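Shown next: entry.pdb, containing PDB, C-alpha atoms.
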```
MODEL        1
ATOM      1  CA  MET A   1     -52.503   7.481  -1.676
ATOM      2  CA  LYS A   2     -51.100   5.266  -4.413
ATOM      3  CA  VAL A   3     -51.563   1.502  -4.431
ATOM      4  CA  SER A   4     -48.158  -0.120  -3.991
ATOM      5  CA  PHE A   5     -46.695  -3.031  -5.920
ATOM      6  CA  LEU A   6     -43.225  -1.801  -4.991
ATOM      7  CA  ASN A   7     -42.328  -4.544  -2.485
ATOM      8  CA  ASP A   8     -43.728  -7.170  -0.115
ATOM      9  CA  TYR A   9     -43.034  -5.360   3.156
ATOM     10  CA  SER A  10     -45.131  -2.205   2.774
ATOM     11  CA  GLU A  11     -47.775  -3.499   5.191
ATOM     12  CA  GLY A  12     -47.232  -4.007   8.923
ATOM     13  CA  ALA A  13     -47.859  -7.553  10.149
ATOM     14  CA  HIS A  14     -50.469 -10.286  10.134
ATOM     15  CA  PRO A  15     -53.105  -9.723  12.858
ATOM     16  CA  LYS A  16     -52.237 -13.005  14.610
ATOM     17  CA  ILE A  17     -48.694 -11.742  15.119
ATOM     18  CA  LEU A  18     -49.912  -8.456  16.564
ATOM     19  CA  GLU A  19     -52.264 -10.398  18.821
ATOM     20  CA  GLN A  20     -49.435 -12.591  20.122
ATOM     21  CA  LEU A  21     -47.164  -9.596  20.749
ATOM     22  CA  SER A  22     -49.941  -7.843  22.642
ATOM     23  CA  LYS A  23     -50.870 -10.971  24.602
ATOM     24  CA  THR A  24     -47.292 -11.562  25.799
ATOM     25  CA  ASN A  25     -46.349  -7.893  26.126
ATOM     26  CA  TYR A  26     -46.226  -7.758  29.939
ATOM     27  CA  ASP A  27     -44.762 -11.236  30.438
ATOM     28  CA  GLN A  28     -41.288 -10.974  31.946
ATOM     29  CA  MET A  29     -38.825 -13.157  30.042
ATOM     30  CA  PRO A  30     -35.052 -13.694  29.722
ATOM     31  CA  GLY A  31     -33.249 -11.754  27.011
ATOM     32  CA  TYR A  32     -31.004 -12.545  24.048
ATOM     33  CA  GLY A  33     -33.053 -15.408  22.617
ATOM     34  CA  GLU A  34     -33.221 -17.425  25.844
ATOM     35  CA  ASP A  35     -36.958 -16.824  26.278
ATOM     36  CA  PRO A  36     -39.798 -19.370  25.873
ATOM     37  CA  LEU A  37     -41.124 -17.753  22.684
ATOM     38  CA  CYS A  38     -37.797 -18.105  20.867
ATOM     39  CA  ARG A  39     -37.365 -21.623  22.199
ATOM     40  CA  ARG A  40     -40.821 -22.633  20.980
ATOM     41  CA  ALA A  41     -40.196 -21.155  17.547
ATOM     42  CA  GLU A  42     -36.815 -22.938  17.373
ATOM     43  CA  ILE A  43     -38.441 -26.293  18.093
ATOM     44  CA  LYS A  44     -41.056 -25.734  15.388
ATOM     45  CA  ILE A  45     -38.397 -24.874  12.815
ATOM     46  CA  LYS A  46     -36.160 -27.806  13.776
ATOM     47  CA  THR A  47     -39.162 -30.127  13.503
ATOM     48  CA  LEU A  48     -40.088 -28.797  10.067
ATOM     49  CA  ILE A  49     -36.566 -29.289   8.704
ATOM     50  CA  ASN A  50     -36.197 -32.635  10.512
ATOM     51  CA  ASN A  51     -32.900 -31.610  12.055
ATOM     52  CA  PRO A  52     -32.924 -31.414  15.869
ATOM     53  CA  ASP A  53     -29.205 -30.565  15.889
ATOM     54  CA  ALA A  54     -29.539 -27.394  13.804
ATOM     55  CA  ASN A  55     -28.936 -24.020  15.434
ATOM     56  CA  VAL A  56     -31.611 -21.325  15.037
ATOM     57  CA  HIS A  57     -30.919 -17.630  15.616
ATOM     58  CA  PHE A  58     -33.305 -14.696  15.238
ATOM     59  CA  VAL A  59     -32.024 -11.446  13.708
ATOM     60  CA  SER A  60     -33.571  -8.230  12.508
ATOM     61  CA  GLY A  61     -33.109  -8.342   8.729
ATOM     62  CA  GLY A  62     -31.793 -10.069   5.632
ATOM     63  CA  THR A  63     -28.693  -7.953   5.120
ATOM     64  CA  GLN A  64     -27.751  -8.544   8.747
ATOM     65  CA  ALA A  65     -28.277 -12.292   8.312
ATOM     66  CA  ASN A  66     -26.103 -12.401   5.188
ATOM     67  CA  LEU A  67     -23.342 -10.301   6.727
ATOM     68  CA  LEU A  68     -23.308 -12.378   9.918
ATOM     69  CA  CYS A  69     -23.245 -15.755   8.228
ATOM     70  CA  ILE A  70     -20.782 -14.983   5.470
ATOM     71  CA  SER A  71     -18.319 -13.073   7.644
ATOM     72  CA  SER A  72     -18.380 -15.696  10.405
ATOM     73  CA  PHE A  73     -18.074 -18.697   8.083
ATOM     74  CA  LEU A  74     -15.081 -17.369   6.112
ATOM     75  CA  LYS A  75     -11.393 -17.012   6.820
ATOM     76  CA  PRO A  76      -9.958 -13.560   5.936
ATOM     77  CA  PHE A  77      -8.663 -14.680   2.527
ATOM     78  CA  GLU A  78     -11.810 -16.580   1.476
ATOM     79  CA  SER A  79     -14.525 -15.351  -0.881
ATOM     80  CA  VAL A  80     -18.133 -15.870  -1.966
ATOM     81  CA  ILE A  81     -19.420 -17.106  -5.327
ATOM     82  CA  ALA A  82     -22.686 -15.491  -6.455
ATOM     83  CA  VAL A  83     -24.607 -14.355  -9.533
ATOM     84  CA  LYS A  84     -24.305 -10.749 -10.683
ATOM     85  CA  THR A  85     -27.883 -10.011  -9.601
ATOM     86  CA  ALA A  86     -27.368 -11.388  -6.065
ATOM     87  CA  HIS A  87     -28.641  -9.269  -3.193
ATOM     88  CA  ILE A  88     -25.196  -9.237  -1.544
ATOM     89  CA  GLU A  89     -23.725  -7.842  -4.770
ATOM     90  CA  ILE A  90     -26.330  -5.210  -5.664
ATOM     91  CA  HIS A  91     -28.401  -4.191  -2.651
ATOM     92  CA  GLU A  92     -26.289  -4.402   0.499
ATOM     93  CA  ALA A  93     -24.052  -1.329   0.137
ATOM     94  CA  GLY A  94     -20.886  -3.420   0.035
ATOM     95  CA  ALA A  95     -21.605  -5.045   3.425
ATOM     96  CA  ILE A  96     -19.755  -8.248   2.549
ATOM     97  CA  GLU A  97     -16.752  -6.390   1.133
ATOM     98  CA  PHE A  98     -16.757  -4.220   4.246
ATOM     99  CA  THR A  99     -16.003  -7.343   6.288
ATOM    100  CA  GLY A 100     -13.006  -7.987   4.031
ATOM    101  CA  HIS A 101     -14.422 -10.634   1.715
ATOM    102  CA  LYS A 102     -14.564 -10.493  -2.071
ATOM    103  CA  ILE A 103     -17.645 -11.561  -4.036
ATOM    104  CA  ASN A 104     -16.815 -13.542  -7.194
ATOM    105  CA  THR A 105     -19.759 -12.857  -9.499
ATOM    106  CA  TYR A 106     -20.996 -14.854 -12.488
ATOM    107  CA  GLU A 107     -23.711 -14.284 -15.072
ATOM    108  CA  GLY A 108     -26.005 -17.095 -13.989
ATOM    109  CA  LYS A 109     -29.180 -18.120 -15.796
ATOM    110  CA  ASN A 110     -32.447 -16.371 -14.926
ATOM    111  CA  GLY A 111     -30.957 -15.235 -11.630
ATOM    112  CA  LYS A 112     -29.567 -18.654 -10.719
ATOM    113  CA  ILE A 113     -25.940 -19.756 -10.410
ATOM    114  CA  THR A 114     -25.021 -22.836 -12.436
ATOM    115  CA  PRO A 115     -22.837 -25.774 -11.346
ATOM    116  CA  GLN A 116     -20.454 -25.040 -14.231
ATOM    117  CA  GLU A 117     -19.939 -21.474 -13.014
ATOM    118  CA  ILE A 118     -19.001 -22.797  -9.588
ATOM    119  CA  GLU A 119     -16.500 -25.149 -11.252
ATOM    120  CA  ASP A 120     -15.144 -22.216 -13.266
ATOM    121  CA  ALA A 121     -14.636 -20.181 -10.089
ATOM    122  CA  ILE A 122     -12.635 -22.981  -8.501
ATOM    123  CA  LEU A 123     -10.495 -23.472 -11.611
ATOM    124  CA  TYR A 124      -9.779 -19.761 -11.961
ATOM    125  CA  HIS A 125      -8.771 -19.196  -8.320
ATOM    126  CA  TYR A 126      -5.992 -21.736  -8.168
ATOM    127  CA  ASP A 127      -3.292 -20.424  -5.820
ATOM    128  CA  GLU A 128      -2.483 -18.244  -2.810
ATOM    129  CA  HIS A 129      -2.107 -15.097  -4.931
ATOM    130  CA  MET A 130      -5.873 -14.972  -5.280
ATOM    131  CA  VAL A 131      -8.808 -15.175  -2.907
ATOM    132  CA  LYS A 132     -10.008 -18.689  -2.208
ATOM    133  CA  PRO A 133     -13.734 -19.289  -2.926
ATOM    134  CA  LYS A 134     -15.392 -20.987   0.016
ATOM    135  CA  ILE A 135     -19.112 -20.117   0.039
ATOM    136  CA  VAL A 136     -21.662 -20.428  -2.747
ATOM    137  CA  PHE A 137     -24.419 -17.865  -2.161
ATOM    138  CA  ILE A 138     -27.856 -18.350  -3.711
ATOM    139  CA  SER A 139     -31.270 -16.842  -3.073
ATOM    140  CA  ASN A 140     -34.520 -18.800  -3.225
ATOM    141  CA  SER A 141     -36.540 -17.241  -4.652
ATOM    142  CA  THR A 142     -33.981 -15.233  -6.618
ATOM    143  CA  GLU A 143     -33.859 -11.491  -7.240
ATOM    144  CA  LEU A 144     -35.653 -12.241 -10.518
ATOM    145  CA  GLY A 145     -38.420 -14.204  -8.819
ATOM    146  CA  THR A 146     -37.235 -17.574 -10.117
ATOM    147  CA  VAL A 147     -36.942 -20.718  -8.010
ATOM    148  CA  TYR A 148     -34.374 -23.481  -7.763
ATOM    149  CA  THR A 149     -35.601 -26.982  -8.547
ATOM    150  CA  ASN A 150     -34.675 -30.054  -6.553
ATOM    151  CA  SER A 151     -32.434 -31.181  -9.393
ATOM    152  CA  GLU A 152     -30.645 -27.824  -9.594
ATOM    153  CA  LEU A 153     -30.072 -27.620  -5.864
ATOM    154  CA  THR A 154     -28.873 -31.220  -5.761
ATOM    155  CA  GLN A 155     -26.295 -30.521  -8.481
ATOM    156  CA  ILE A 156     -25.087 -27.345  -6.776
ATOM    157  CA  SER A 157     -24.824 -29.175  -3.457
ATOM    158  CA  GLU A 158     -22.798 -31.956  -5.077
ATOM    159  CA  VAL A 159     -20.356 -29.470  -6.631
ATOM    160  CA  CYS A 160     -19.996 -27.729  -3.261
ATOM    161  CA  LYS A 161     -19.232 -30.994  -1.505
ATOM    162  CA  LYS A 162     -16.775 -31.978  -4.240
ATOM    163  CA  HIS A 163     -14.760 -28.798  -3.657
ATOM    164  CA  SER A 164     -15.343 -28.458   0.114
ATOM    165  CA  LEU A 165     -17.459 -25.329  -0.329
ATOM    166  CA  TYR A 166     -20.230 -24.177   1.967
ATOM    167  CA  LEU A 167     -23.674 -23.638   0.429
ATOM    168  CA  TYR A 168     -25.561 -20.720   1.968
ATOM    169  CA  ILE A 169     -29.100 -19.760   0.967
ATOM    170  CA  ASP A 170     -30.691 -16.339   1.329
ATOM    171  CA  GLY A 171     -34.328 -17.067   2.150
ATOM    172  CA  ALA A 172     -35.777 -13.573   2.254
ATOM    173  CA  ARG A 173     -38.612 -14.852   0.047
ATOM    174  CA  LEU A 174     -38.304 -18.524   0.928
ATOM    175  CA  GLY A 175     -42.046 -18.808   1.575
ATOM    176  CA  SER A 176     -42.851 -17.676  -1.960
ATOM    177  CA  ALA A 177     -40.274 -20.085  -3.369
ATOM    178  CA  LEU A 178     -41.576 -23.118  -1.483
ATOM    179  CA  THR A 179     -45.223 -22.406  -2.359
ATOM    180  CA  SER A 180     -44.571 -21.657  -6.045
ATOM    181  CA  LYS A 181     -46.306 -23.882  -8.579
ATOM    182  CA  HIS A 182     -42.859 -24.412 -10.115
ATOM    183  CA  ASN A 183     -41.324 -25.633  -6.848
ATOM    184  CA  ASP A 184     -40.505 -29.240  -5.995
ATOM    185  CA  LEU A 185     -38.395 -28.560  -2.889
ATOM    186  CA  SER A 186     -39.415 -28.859   0.750
ATOM    187  CA  LEU A 187     -38.011 -27.092   3.791
ATOM    188  CA  GLN A 188     -36.396 -30.421   4.693
ATOM    189  CA  ASP A 189     -34.682 -30.518   1.291
ATOM    190  CA  MET A 190     -33.290 -27.034   1.863
ATOM    191  CA  ALA A 191     -31.781 -28.092   5.166
ATOM    192  CA  LYS A 192     -30.409 -31.295   3.655
ATOM    193  CA  TYR A 193     -28.636 -29.643   0.735
ATOM    194  CA  CYS A 194     -27.180 -26.516   2.341
ATOM    195  CA  ASP A 195     -24.914 -25.716   5.275
ATOM    196  CA  ALA A 196     -26.925 -22.708   6.413
ATOM    197  CA  PHE A 197     -29.889 -20.632   5.293
ATOM    198  CA  TYR A 198     -32.324 -18.143   6.665
ATOM    199  CA  ILE A 199     -36.101 -18.046   6.698
ATOM    200  CA  GLY A 200     -37.448 -14.627   5.806
ATOM    201  CA  GLY A 201     -40.149 -13.139   7.990
ATOM    202  CA  THR A 202     -39.960  -9.459   7.019
ATOM    203  CA  LYS A 203     -41.303 -10.164   3.519
ATOM    204  CA  ASN A 204     -43.878 -12.717   4.605
ATOM    205  CA  GLY A 205     -46.149 -11.272   7.254
ATOM    206  CA  ALA A 206     -43.801 -10.439  10.133
ATOM    207  CA  LEU A 207     -43.231  -6.944  11.462
ATOM    208  CA  ILE A 208     -39.508  -7.558  11.182
ATOM    209  CA  GLY A 209     -37.104 -10.460  11.508
ATOM    210  CA  GLU A 210     -35.416 -13.474   9.951
ATOM    211  CA  ALA A 211     -34.531 -16.895  11.352
ATOM    212  CA  ILE A 212     -30.980 -18.075  10.599
ATOM    213  CA  VAL A 213     -30.718 -21.869  10.482
ATOM    214  CA  ILE A 214     -27.209 -23.363  10.694
ATOM    215  CA  CYS A 215     -27.266 -27.038   9.723
ATOM    216  CA  ASN A 216     -23.537 -27.739   9.502
ATOM    217  CA  PRO A 217     -22.083 -28.355  13.010
ATOM    218  CA  GLU A 218     -18.711 -26.941  11.841
ATOM    219  CA  LEU A 219     -20.312 -23.498  11.512
ATOM    220  CA  GLN A 220     -22.252 -23.442  14.766
ATOM    221  CA  ASN A 221     -19.492 -22.781  17.285
ATOM    222  CA  PHE A 222     -19.225 -19.238  18.627
ATOM    223  CA  PHE A 223     -21.909 -17.881  16.282
ATOM    224  CA  ARG A 224     -23.519 -15.955  19.133
ATOM    225  CA  TYR A 225     -20.180 -14.197  19.685
ATOM    226  CA  HIS A 226     -20.328 -13.005  16.078
ATOM    227  CA  MET A 227     -23.894 -11.867  16.624
ATOM    228  CA  LYS A 228     -22.947  -9.874  19.693
ATOM    229  CA  GLN A 229     -19.898  -8.289  18.100
ATOM    230  CA  LYS A 230     -21.924  -7.134  15.101
ATOM    231  CA  GLY A 231     -24.879  -5.811  17.077
ATOM    232  CA  ALA A 232     -27.260  -8.630  16.181
ATOM    233  CA  LEU A 233     -27.715 -10.341  19.559
ATOM    234  CA  LEU A 234     -30.889  -8.530  20.559
ATOM    235  CA  ALA A 235     -31.900  -8.099  24.179
ATOM    236  CA  LYS A 236     -35.536  -8.343  23.061
ATOM    237  CA  SER A 237     -35.130 -11.282  20.700
ATOM    238  CA  ARG A 238     -38.465 -12.434  22.109
ATOM    239  CA  LEU A 239     -40.177  -9.957  19.775
ATOM    240  CA  ILE A 240     -38.832 -11.823  16.740
ATOM    241  CA  GLY A 241     -39.195 -15.274  18.287
ATOM    242  CA  ALA A 242     -42.851 -14.563  19.045
ATOM    243  CA  GLN A 243     -43.493 -13.767  15.403
ATOM    244  CA  PHE A 244     -41.921 -16.979  14.110
ATOM    245  CA  ASP A 245     -43.791 -18.923  16.770
ATOM    246  CA  VAL A 246     -47.000 -17.632  15.196
ATOM    247  CA  LEU A 247     -45.847 -17.955  11.579
ATOM    248  CA  PHE A 248     -45.075 -21.644  12.015
ATOM    249  CA  ASP A 249     -48.293 -22.401  13.810
ATOM    250  CA  ASN A 250     -50.878 -24.179  11.631
ATOM    251  CA  GLN A 251     -48.997 -23.498   8.377
ATOM    252  CA  LEU A 252     -49.596 -19.730   8.528
ATOM    253  CA  TYR A 253     -46.169 -18.981   7.010
ATOM    254  CA  PHE A 254     -47.004 -20.996   3.907
ATOM    255  CA  GLU A 255     -50.573 -19.710   3.655
ATOM    256  CA  LEU A 256     -49.341 -16.113   3.565
ATOM    257  CA  ALA A 257     -46.773 -16.943   0.882
ATOM    258  CA  LYS A 258     -49.401 -18.775  -1.168
ATOM    259  CA  HIS A 259     -51.585 -15.683  -1.086
ATOM    260  CA  ALA A 260     -48.732 -13.498  -2.338
ATOM    261  CA  ASN A 261     -48.069 -15.940  -5.168
ATOM    262  CA  SER A 262     -51.745 -16.217  -6.074
ATOM    263  CA  MET A 263     -52.058 -12.440  -6.341
ATOM    264  CA  ALA A 264     -48.989 -12.353  -8.603
ATOM    265  CA  GLU A 265     -50.495 -15.107 -10.729
ATOM    266  CA  LYS A 266     -53.762 -13.178 -11.005
ATOM    267  CA  LEU A 267     -51.800 -10.107 -12.043
ATOM    268  CA  SER A 268     -49.693 -12.073 -14.554
ATOM    269  CA  GLU A 269     -52.674 -13.746 -16.186
ATOM    270  CA  GLY A 270     -54.449 -10.412 -16.508
ATOM    271  CA  LEU A 271     -51.391  -8.845 -18.125
ATOM    272  CA  LYS A 272     -51.070 -11.732 -20.568
ATOM    273  CA  LEU A 273     -54.641 -11.123 -21.687
ATOM    274  CA  LYS A 274     -53.538  -7.581 -22.493
ATOM    275  CA  ASN A 275     -50.693  -8.970 -24.647
ATOM    276  CA  ILE A 276     -47.985  -7.958 -22.183
ATOM    277  CA  ASP A 277     -44.797 -10.044 -22.406
ATOM    278  CA  PHE A 278     -42.440 -10.830 -19.533
ATOM    279  CA  LEU A 279     -38.686 -10.648 -19.129
ATOM    280  CA  ILE A 280     -38.826 -14.012 -17.327
ATOM    281  CA  PRO A 281     -41.845 -16.334 -16.981
ATOM    282  CA  PRO A 282     -43.557 -15.515 -13.647
ATOM    283  CA  SER A 283     -42.857 -18.028 -10.881
ATOM    284  CA  THR A 284     -43.427 -16.318  -7.544
ATOM    285  CA  ASN A 285     -44.616 -13.000  -6.122
ATOM    286  CA  GLN A 286     -42.135 -10.924  -8.142
ATOM    287  CA  ILE A 287     -43.057 -10.497 -11.802
ATOM    288  CA  PHE A 288     -41.262  -8.556 -14.547
ATOM    289  CA  PRO A 289     -43.586  -7.397 -17.354
ATOM    290  CA  ILE A 290     -42.281  -5.454 -20.353
ATOM    291  CA  MET A 291     -44.415  -2.347 -20.852
ATOM    292  CA  PRO A 292     -44.498   0.662 -23.185
ATOM    293  CA  ASN A 293     -42.931   3.702 -21.520
ATOM    294  CA  LYS A 294     -46.057   5.775 -22.157
ATOM    295  CA  LEU A 295     -48.168   3.187 -20.312
ATOM    296  CA  ILE A 296     -45.685   3.159 -17.442
ATOM    297  CA  GLU A 297     -45.974   6.936 -17.102
ATOM    298  CA  LYS A 298     -49.757   6.606 -16.931
ATOM    299  CA  LEU A 299     -49.685   3.819 -14.350
ATOM    300  CA  GLU A 300     -47.183   5.680 -12.144
ATOM    301  CA  LYS A 301     -49.838   8.303 -11.401
ATOM    302  CA  GLN A 302     -51.869   5.727  -9.477
ATOM    303  CA  PHE A 303     -49.461   2.950  -8.535
ATOM    304  CA  ASP A 304     -46.001   2.530  -7.025
ATOM    305  CA  PHE A 305     -43.670   0.003  -8.651
ATOM    306  CA  TYR A 306     -40.015  -0.335  -9.592
ATOM    307  CA  ILE A 307     -38.661   0.251 -13.092
ATOM    308  CA  TRP A 308     -36.173  -2.607 -13.372
ATOM    309  CA  LYS A 309     -34.371  -1.650 -16.577
ATOM    310  CA  ARG A 310     -34.792  -0.223 -20.050
ATOM    311  CA  TYR A 311     -35.791  -2.895 -22.573
ATOM    312  CA  ASP A 312     -35.575  -0.879 -25.796
ATOM    313  CA  GLU A 313     -36.225   2.652 -27.005
ATOM    314  CA  ASN A 314     -39.967   2.490 -26.332
ATOM    315  CA  ASN A 315     -40.321  -0.150 -23.600
ATOM    316  CA  SER A 316     -39.040  -0.881 -20.110
ATOM    317  CA  VAL A 317     -39.145  -3.796 -17.711
ATOM    318  CA  VAL A 318     -40.964  -3.098 -14.455
ATOM    319  CA  ARG A 319     -41.017  -5.151 -11.282
ATOM    320  CA  LEU A 320     -44.391  -5.756  -9.678
ATOM    321  CA  VAL A 321     -44.398  -7.376  -6.242
ATOM    322  CA  THR A 322     -47.422  -8.760  -4.410
ATOM    323  CA  SER A 323     -47.524  -9.500  -0.686
ATOM    324  CA  TRP A 324     -49.245 -11.586   1.943
ATOM    325  CA  ALA A 325     -51.734  -8.709   2.294
ATOM    326  CA  THR A 326     -52.308  -7.711  -1.345
ATOM    327  CA  LYS A 327     -56.014  -7.224  -1.994
ATOM    328  CA  PRO A 328     -57.561  -8.815  -5.109
ATOM    329  CA  GLU A 329     -59.416  -5.581  -5.800
ATOM    330  CA  ASN A 330     -56.105  -3.725  -6.065
ATOM    331  CA  VAL A 331     -54.914  -6.214  -8.662
ATOM    332  CA  ASP A 332     -58.171  -5.653 -10.548
ATOM    333  CA  LEU A 333     -57.704  -1.903 -10.281
ATOM    334  CA  PHE A 334     -54.222  -2.157 -11.794
ATOM    335  CA  LEU A 335     -55.464  -4.271 -14.693
ATOM    336  CA  LYS A 336     -58.365  -1.894 -15.372
ATOM    337  CA  SER A 337     -56.035   1.120 -15.501
ATOM    338  CA  PHE A 338     -54.603   0.316 -18.937
TER     339      PHE A 338
ENDMDL
END
```

Give the structure from the file, written as structure tokens.
Amino acid sequence: MKVSFLNDYSEGAHPKILEQLSKTNYDQMPGYGEDPLCRRAEIKIKTLINNPDANVHFVSGGTQANLLCISSFLKPFESVIAVKTAHIEIHEAGAIEFTGHKINTYEGKNGKITPQEIEDAILYHYDEHMVKPKIVFISNSTELGTVYTNSELTQISEVCKKHSLYLYIDGARLGSALTSKHNDLSLQDMAKYCDAFYIGGTKNGALIGEAIVICNPELQNFFRYHMKQKGALLAKSRLIGAQFDVLFDNQLYFELAKHANSMAEKLSEGLKLKNIDFLIPPSTNQIFPIMPNKLIEKLEKQFDFYIWKRYDENNSVVRLVTSWATKPENVDLFLKSF
């Protein structure tokens, strides 16, 4: 079997999560997120973001979280501003458009939307003959593994407030973003600057599941109706709540993300010693080295990874992703295979 650097959800779940699920397996509990495990996880999340009035909802995956939030927050004629590499634009099979909402895409810088691009979107869409931008969508970390700084997020938040836009953050890899050496944001900052975001569990040690956090009271009403209508109000929400209860016990969520980042750093440093350049300087658990095509063909015999794009006639950019469970010896094995 090949060693995988293809994604950060190839493994099952952290043993403590499996232990909790097994321990509570026969306990009879209410359904649809009304159980003690979900309630306990909610309290932990609200405490961490220092917002007792936030709403927390547990759903199965990131695409579902994005579809639910964006479609419920927007009027039929409103749209979303995002970078061209955004997950909602590239990897969600047109889910947002399927709900009737256009995505206004911009080039961005290293996977990040800029305040000027948001201003440009507002200036361009100036009357009722066009869609009306209402949500700014960003991911942290981004699809290119980069992270938003406190200054960048502050500026984006200010532009959103200036134009009465909602700021929504895809947090599929939020753990990796917040534990990056390049990060200066806290979970409290995230909640302060945005109207809603989600905390990714699937890519950080959970079997499955994300926690949607709605900070803006305007967006909280009737959200469970949207969940039910779109098949996201799960009878056994307890199974997701239990996992977040464990992840936010004794900093486990952040420890797992730190491990993923440290393995990516180990991999990056080893590649640099082999004179491998990168498309973008490594920041989190997704790294993008530029490799000769012949070397890629050799490595593919032993390892799984994603070829991101062609760089030139003889080289391509690959994406290597480390996880909460990546073994140091597998990183060593990759580096020794050159």

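Using only C-alpha atoms, every residue with an atom at most 7 Å from the point (-44.1, 3.5, -2.0) is listed here: Ser4, Leu6 and Asp304 of chain A.
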
Separation of atom CA of Leu207 of chain A from atom CA of Leu239 of chain A, in Å and rounded to one decimal: 9.4 Å

The PyMOL selection byres ((chain A and resi 214-225) around 8) resolved against shown file, as JSON, numbers by chain: {"A": [51, 53, 54, 55, 56, 72, 73, 191, 194, 195, 196, 197, 212, 213, 226, 227, 228, 229, 233]}

Selected residue of minimal separation from Lys274 of chain A among A:Leu234, A:His57, A:Val321, A:Ser337, counting only C-alpha atoms: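 Of the candidates, the smallest distance to Lys274 of chain A is held by A:Ser337.
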
Resolved residues for the PyMOL selection byres ((chain A and resi 24-37) around 12) as a ChimeraX atom specification: /A:17-23,38-44,55-59,211,224-225,227-228,231-246

Could you save those same residues with C-alpha atoms as a short mmCIF file (atom, residue, chain, number, x, y, z; two decimals), in the coordinates of the input?
```
data_model
loop_
_atom_site.label_atom_id
_atom_site.label_comp_id
_atom_site.auth_asym_id
_atom_site.auth_seq_id
_atom_site.Cartn_x
_atom_site.Cartn_y
_atom_site.Cartn_z
CA ILE A 17 -48.69 -11.74 15.12
CA LEU A 18 -49.91 -8.46 16.56
CA GLU A 19 -52.26 -10.40 18.82
CA GLN A 20 -49.44 -12.59 20.12
CA LEU A 21 -47.16 -9.60 20.75
CA SER A 22 -49.94 -7.84 22.64
CA LYS A 23 -50.87 -10.97 24.60
CA CYS A 38 -37.80 -18.10 20.87
CA ARG A 39 -37.36 -21.62 22.20
CA ARG A 40 -40.82 -22.63 20.98
CA ALA A 41 -40.20 -21.16 17.55
CA GLU A 42 -36.82 -22.94 17.37
CA ILE A 43 -38.44 -26.29 18.09
CA LYS A 44 -41.06 -25.73 15.39
CA ASN A 55 -28.94 -24.02 15.43
CA VAL A 56 -31.61 -21.32 15.04
CA HIS A 57 -30.92 -17.63 15.62
CA PHE A 58 -33.30 -14.70 15.24
CA VAL A 59 -32.02 -11.45 13.71
CA ALA A 211 -34.53 -16.90 11.35
CA ARG A 224 -23.52 -15.96 19.13
CA TYR A 225 -20.18 -14.20 19.68
CA MET A 227 -23.89 -11.87 16.62
CA LYS A 228 -22.95 -9.87 19.69
CA GLY A 231 -24.88 -5.81 17.08
CA ALA A 232 -27.26 -8.63 16.18
CA LEU A 233 -27.72 -10.34 19.56
CA LEU A 234 -30.89 -8.53 20.56
CA ALA A 235 -31.90 -8.10 24.18
CA LYS A 236 -35.54 -8.34 23.06
CA SER A 237 -35.13 -11.28 20.70
CA ARG A 238 -38.47 -12.43 22.11
CA LEU A 239 -40.18 -9.96 19.77
CA ILE A 240 -38.83 -11.82 16.74
CA GLY A 241 -39.20 -15.27 18.29
CA ALA A 242 -42.85 -14.56 19.05
CA GLN A 243 -43.49 -13.77 15.40
CA PHE A 244 -41.92 -16.98 14.11
CA ASP A 245 -43.79 -18.92 16.77
CA VAL A 246 -47.00 -17.63 15.20
#
```

Can you list, as a CSV table (one decimal) with C-alpha atoms, in the coordinates of the input, the residues that the PyMOL selection byres ((chain A and resi 173) around 10) selects here?
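For reference, out34.csv as written:
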```
chain,number,residue,atom,x,y,z
A,8,ASP,CA,-43.7,-7.2,-0.1
A,139,SER,CA,-31.3,-16.8,-3.1
A,140,ASN,CA,-34.5,-18.8,-3.2
A,141,SER,CA,-36.5,-17.2,-4.7
A,142,THR,CA,-34.0,-15.2,-6.6
A,143,GLU,CA,-33.9,-11.5,-7.2
A,145,GLY,CA,-38.4,-14.2,-8.8
A,170,ASP,CA,-30.7,-16.3,1.3
A,171,GLY,CA,-34.3,-17.1,2.2
A,172,ALA,CA,-35.8,-13.6,2.3
A,174,LEU,CA,-38.3,-18.5,0.9
A,175,GLY,CA,-42.0,-18.8,1.6
A,176,SER,CA,-42.9,-17.7,-2.0
A,177,ALA,CA,-40.3,-20.1,-3.4
A,178,LEU,CA,-41.6,-23.1,-1.5
A,198,TYR,CA,-32.3,-18.1,6.7
A,199,ILE,CA,-36.1,-18.0,6.7
A,200,GLY,CA,-37.4,-14.6,5.8
A,201,GLY,CA,-40.1,-13.1,8.0
A,202,THR,CA,-40.0,-9.5,7.0
A,203,LYS,CA,-41.3,-10.2,3.5
A,204,ASN,CA,-43.9,-12.7,4.6
A,257,ALA,CA,-46.8,-16.9,0.9
A,284,THR,CA,-43.4,-16.3,-7.5
A,285,ASN,CA,-44.6,-13.0,-6.1
A,286,GLN,CA,-42.1,-10.9,-8.1
```

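As for atom CA of Pro133 of chain A and atom CA of Ile81 of chain A, they are spaced 6.5 Å apart.
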
List every protein, DNA or RNA residue with an atom no more than 6 Å from (-57.9, 1.8, -13.1) in the file's coordinates, counting all atoms listed in the file, and format the result as a PDB file with C-alpha atoms, in the frame of the given file.
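Full text of part_30.pdb as output:
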```pdb
ATOM      1  CA  LEU A 333     -57.704  -1.903 -10.281  1.00  0.00           C
ATOM      2  CA  PHE A 334     -54.222  -2.157 -11.794  1.00  0.00           C
ATOM      3  CA  LYS A 336     -58.365  -1.894 -15.372  1.00  0.00           C
ATOM      4  CA  SER A 337     -56.035   1.120 -15.501  1.00  0.00           C
TER       5      SER A 337
END
```

Write out as JSON an axis-aligned box for segment 153-171 of chain A: all of its atoms listed in the file, 6 Å added on each side, centre and edge lengths in Å with one decimal.
```
{"center_x": -24.5, "center_y": -24.2, "center_z": -3.2, "size_x": 31.6, "size_y": 27.6, "size_z": 22.6}
```
